[in-house]
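Asks: Got my_file-v5.txt for you, compact mmCIF, C-alpha atoms:
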# COMPACT_ATOMS: atom_id res chain seq x y z
CA LEU J 1150 0.00 0.00 0.00
CA LEU J 1151 1.61 3.25 -1.14
CA PHE J 1152 0.58 6.89 -0.72
CA THR J 1153 1.32 9.73 -3.18
CA ASP J 1154 -0.85 12.86 -3.21
CA ASN J 1155 -3.40 10.87 -1.19
CA ILE J 1156 -3.60 8.18 -3.89
CA THR J 1157 -3.25 4.55 -2.82
CA VAL J 1158 -2.95 1.47 -5.02
CA THR J 1159 -3.59 -1.96 -3.49
CA PRO J 1160 -3.27 -5.22 -5.47
CA ASN J 1161 -5.27 -8.33 -4.54
CA ILE J 1162 -3.60 -11.32 -6.16
CA PRO J 1163 -3.67 -14.90 -4.83
CA GLN J 1164 -0.51 -16.24 -3.22
CA GLN J 1165 -0.84 -19.64 -4.91
CA VAL J 1166 -2.21 -20.94 -8.20
CA LYS J 1167 -2.04 -24.26 -10.01
CA ALA J 1168 -0.26 -24.40 -13.34
CA GLY J 1169 -2.74 -24.37 -16.22
CA GLU J 1170 -5.45 -22.59 -14.22
CA GLU J 1171 -6.85 -19.04 -14.19
CA PHE J 1172 -7.27 -16.45 -11.48
CA VAL J 1173 -8.63 -12.92 -11.26
CA ALA J 1174 -6.19 -10.17 -10.29
CA GLU J 1175 -7.77 -7.07 -8.72
CA VAL J 1176 -6.27 -3.68 -8.02
CA THR J 1177 -8.06 -1.11 -5.84
CA ILE J 1178 -7.26 2.51 -6.61
CA ASP J 1179 -8.18 5.07 -3.95
CA LYS J 1180 -7.65 8.40 -5.67
CA GLY J 1181 -9.69 10.83 -3.61
CA ASN J 1182 -10.55 13.96 -5.59
CA TYR J 1183 -7.93 13.46 -8.30
CA SER J 1184 -9.27 13.74 -11.86
CA GLY J 1185 -7.52 13.58 -15.19
CA PHE J 1186 -5.22 11.23 -17.08
CA ALA J 1187 -4.08 8.00 -15.40
CA LYS J 1188 -2.45 4.73 -16.41
CA ILE J 1189 -1.73 1.44 -14.65
CA GLN J 1190 0.80 -1.10 -15.93
CA MET J 1191 1.22 -4.56 -14.43
CA GLU J 1192 4.14 -6.74 -15.52
CA LEU J 1193 3.27 -10.46 -15.67
CA PRO J 1194 5.83 -13.29 -15.64
CA GLU J 1195 6.53 -15.37 -18.75
CA GLY J 1196 3.85 -18.00 -19.21
CA PHE J 1197 1.08 -15.75 -17.85
CA THR J 1198 -1.49 -14.15 -20.17
CA ALA J 1199 -4.21 -11.64 -19.32
CA THR J 1200 -7.65 -10.73 -20.60
CA GLU J 1201 -9.87 -7.84 -19.59
CA GLU J 1202 -12.35 -8.36 -16.80
CA ASN J 1203 -13.16 -4.80 -15.58
CA SER J 1204 -11.15 -1.76 -16.65
CA SER J 1205 -13.51 0.83 -15.07
CA GLY J 1206 -13.91 2.66 -18.36
CA GLY J 1207 -10.23 2.58 -19.30
CA SER J 1208 -8.62 1.21 -22.45
CA PHE J 1209 -7.22 -2.31 -21.76
CA THR J 1210 -4.29 -3.90 -23.62
CA PHE J 1211 -2.03 -6.88 -22.95
CA ILE J 1212 1.22 -6.77 -24.94
CA ASN J 1213 4.72 -8.14 -24.15
CA GLN J 1214 3.69 -9.47 -20.72
CA THR J 1215 2.28 -6.05 -19.73
CA VAL J 1216 -1.29 -5.33 -18.71
CA ARG J 1217 -1.99 -1.67 -19.46
CA ILE J 1218 -5.14 0.30 -18.68
CA ILE J 1219 -5.24 3.96 -19.69
CA TRP J 1220 -7.86 6.53 -18.70
CA MET J 1221 -8.01 9.88 -20.48
CA SER J 1222 -10.14 10.88 -17.50
CA ILE J 1223 -9.97 8.64 -14.44
CA PRO J 1224 -13.34 7.48 -12.99
CA SER J 1225 -15.01 10.10 -10.80
CA ASP J 1226 -15.55 7.73 -7.84
CA PRO J 1227 -13.00 8.35 -5.06
CA SER J 1228 -12.23 4.60 -5.04
CA TYR J 1229 -12.63 1.94 -7.71
CA LYS J 1230 -11.35 -1.50 -8.69
CA ILE J 1231 -9.95 -2.83 -11.89
CA SER J 1232 -9.56 -6.53 -12.60
CA TYR J 1233 -8.15 -8.82 -15.23
CA LYS J 1234 -8.20 -12.58 -15.68
CA VAL J 1235 -4.80 -14.29 -15.71
CA LYS J 1236 -4.19 -17.67 -17.37
CA VAL J 1237 -1.14 -19.57 -16.15
CA ALA J 1238 0.64 -21.82 -18.66
CA PRO J 1239 0.51 -25.56 -17.83
CA GLU J 1240 4.33 -25.75 -17.81
CA ALA J 1241 4.79 -22.80 -15.41
CA THR J 1242 6.23 -23.61 -11.97
CA GLY J 1243 7.88 -21.93 -9.04
CA SER J 1244 7.77 -18.52 -7.44
CA LYS J 1245 6.72 -15.64 -9.70
CA ALA J 1246 6.40 -11.89 -9.13
CA ILE J 1247 3.83 -9.45 -10.49
CA ASN J 1248 5.01 -5.83 -10.45
CA GLY J 1249 3.38 -2.62 -11.55
CA ASN J 1250 3.18 1.17 -11.71
CA PHE J 1251 0.33 3.65 -11.52
CA SER J 1252 0.94 6.96 -13.30
CA PHE J 1253 -1.00 10.20 -13.25
CA VAL J 1254 -0.39 13.90 -13.89
CA THR J 1255 -0.64 16.58 -11.22
CA ASP J 1256 0.35 20.21 -11.76
CA ASN J 1257 1.58 19.22 -15.26
CA VAL J 1258 4.09 16.80 -13.73
CA LYS J 1259 3.92 13.03 -14.27
CA GLN J 1260 3.75 11.13 -10.97
CA ASN J 1261 4.47 7.41 -10.55
CA ILE J 1262 3.41 5.09 -7.79
CA THR J 1263 5.06 1.68 -7.62
CA VAL J 1264 2.40 -0.96 -7.04
CA PRO J 1265 3.54 -3.35 -4.28
CA THR J 1266 4.99 -6.57 -5.70
CA SER J 1267 2.70 -9.58 -5.50
CA ASN J 1268 4.51 -12.90 -5.13
CA ILE J 1269 2.65 -15.94 -6.39
CA GLU J 1270 3.65 -19.59 -6.13
CA VAL J 1271 2.76 -21.69 -9.18
CA ILE J 1272 2.16 -25.28 -8.16
CA SER J 1273 2.37 -28.05 -10.72
CA ASP J 1274 -0.66 -30.33 -10.72
CA ASN J 1275 1.35 -33.00 -12.52
CA VAL J 1276 3.30 -35.06 -10.07
CA VAL J 1277 6.08 -36.70 -11.99
CA ALA J 1278 6.42 -40.26 -10.78
CA GLU J 1279 9.89 -41.67 -10.96
CA THR J 1280 10.00 -44.89 -12.92
CA THR J 1281 12.63 -47.57 -12.85
CA THR J 1282 13.67 -49.45 -15.94
CA THR J 1283 14.01 -53.19 -15.59
CA THR J 1284 15.84 -55.52 -17.91
CA SER J 1285 13.54 -58.51 -17.42
CA GLU J 1286 12.25 -60.05 -20.60
CA THR J 1287 8.60 -60.18 -21.51
CA PRO J 1288 6.98 -63.65 -21.74
CA ALA J 1289 7.02 -63.43 -25.55
CA ALA J 1290 10.73 -62.64 -25.57
CA THR J 1291 11.38 -65.53 -23.18
CA GLU J 1292 9.34 -67.87 -25.40
CA GLN J 1293 11.22 -66.69 -28.48
CA ALA J 1294 14.54 -67.21 -26.71
CA THR J 1295 13.44 -70.70 -25.58
CA SER J 1296 12.27 -71.57 -29.11
CA SER J 1297 15.59 -70.48 -30.48
CA LEU J 1298 17.36 -72.72 -28.03
CA VAL J 1299 15.16 -75.70 -28.92
CA CYS J 1300 15.68 -75.18 -32.64
CA THR J 1301 19.41 -75.06 -32.35
Is it possible to express this structure as structure tokens?

Replies:
Amino acid sequence: LLFTDNITVTPNIPQQVKAGEEFVAEVTIDKGNYSGFAKIQMELPEGFTATEENSSGGSFTFINQTVRIIWMSIPSDPSYKISYKVKVAPEATGSKAINGNFSFVTDNVKQNITVPTSNIEVISDNVVAETTTTTSETPAATEQATSSLVCT
């Protein structure tokens, strides 16, 4: 939770997700009386893709692992939420980080707020069972070997 000119940005992202599944990422923006241009950018890890869920009237894009929502005029409500659906690739595993920035202009100066990093653990649903290779012959191979011995 960060404060700049009485603006706070709070992400709500799960701490765990299974590989191959989806989750909804939410960000609450408390902006008080601020009005004007604003933009939020969220950087997703490789293997994550995003689609629009609720951009609160902004223009949503997802390009090069970046979720971007731009408002020419930010919503008039003092507080609002944006959300986007995230699909995790089936082969993704391990600890991942989602970072972001919220930008706005005040007194003709661009301001940036760093959105707190959200760490998410991707858990594989596929448990890889270790297998052992044996050199025992199949019954057909044993029969063939026995037949060869009898014929000789």

Asks: Using Å and a single decimal, report how far CA of Ser1208 (chain J) sits from CA of Pro1194 (chain J).

Replies: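 These atoms are spaced 21.6 Å apart.
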
Asks: I want to know what sits within 8 Å of region 1226-1239 of chain J, based on all atoms listed in the file, with residues of the same chain fewer than 3 positions away left out; could you give that as a VMD selection string?

Replies: chain J and resid 1167 to 1183 1196 to 1205 1273

Asks: Just the selected residues (C-alpha atoms), exported as a CSV table (one decimal), in the frame of the given file, please.

Replies:
chain,number,residue,atom,x,y,z
J,1167,LYS,CA,-2.0,-24.3,-10.0
J,1168,ALA,CA,-0.3,-24.4,-13.3
J,1169,GLY,CA,-2.7,-24.4,-16.2
J,1170,GLU,CA,-5.4,-22.6,-14.2
J,1171,GLU,CA,-6.8,-19.0,-14.2
J,1172,PHE,CA,-7.3,-16.4,-11.5
J,1173,VAL,CA,-8.6,-12.9,-11.3
J,1174,ALA,CA,-6.2,-10.2,-10.3
J,1175,GLU,CA,-7.8,-7.1,-8.7
J,1176,VAL,CA,-6.3,-3.7,-8.0
J,1177,THR,CA,-8.1,-1.1,-5.8
J,1178,ILE,CA,-7.3,2.5,-6.6
J,1179,ASP,CA,-8.2,5.1,-4.0
J,1180,LYS,CA,-7.6,8.4,-5.7
J,1181,GLY,CA,-9.7,10.8,-3.6
J,1182,ASN,CA,-10.6,14.0,-5.6
J,1183,TYR,CA,-7.9,13.5,-8.3
J,1196,GLY,CA,3.8,-18.0,-19.2
J,1197,PHE,CA,1.1,-15.8,-17.8
J,1198,THR,CA,-1.5,-14.2,-20.2
J,1199,ALA,CA,-4.2,-11.6,-19.3
J,1200,THR,CA,-7.6,-10.7,-20.6
J,1201,GLU,CA,-9.9,-7.8,-19.6
J,1202,GLU,CA,-12.4,-8.4,-16.8
J,1203,ASN,CA,-13.2,-4.8,-15.6
J,1204,SER,CA,-11.2,-1.8,-16.6
J,1205,SER,CA,-13.5,0.8,-15.1
J,1273,SER,CA,2.4,-28.0,-10.7

Asks: Go through J:Gln1190, J:Phe1253, J:Ile1162, J:Ile1247 and flag the residue nearest Thr1266 (chain J), using all atoms listed in the file for the distances.

Replies: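 The answer is J:Ile1247, which sits nearest to Thr1266 (chain J).
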
Asks: CA of Val1158 (chain J) and CA of Gln1260 (chain J), how far apart in Å?

Replies: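 Going from CA of Gln1260 (chain J) over to CA of Val1158 (chain J), I get 13.2 Å.
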
Asks: Report as an NGL selection string all protein, DNA and RNA residues lying within 9 Å of Gly1206 (chain J), evaluated on only C-alpha atoms, omitting residues in the same chain fewer than 4 positions from it.

Replies: :J and (1219-1220 or 1223-1224)

Asks: Between CA of Ala1241 (chain J) and CA of Asn1213 (chain J), what distance in Å does the model show, to one decimal?

Replies: 17.1 Å

Asks: Measuring atom to atom with only C-alpha atoms, identify which of J:Gln1165, J:Phe1186, J:Ile1212, J:Ile1156 is nearest to Val1258 (chain J).

Replies: J:Phe1186
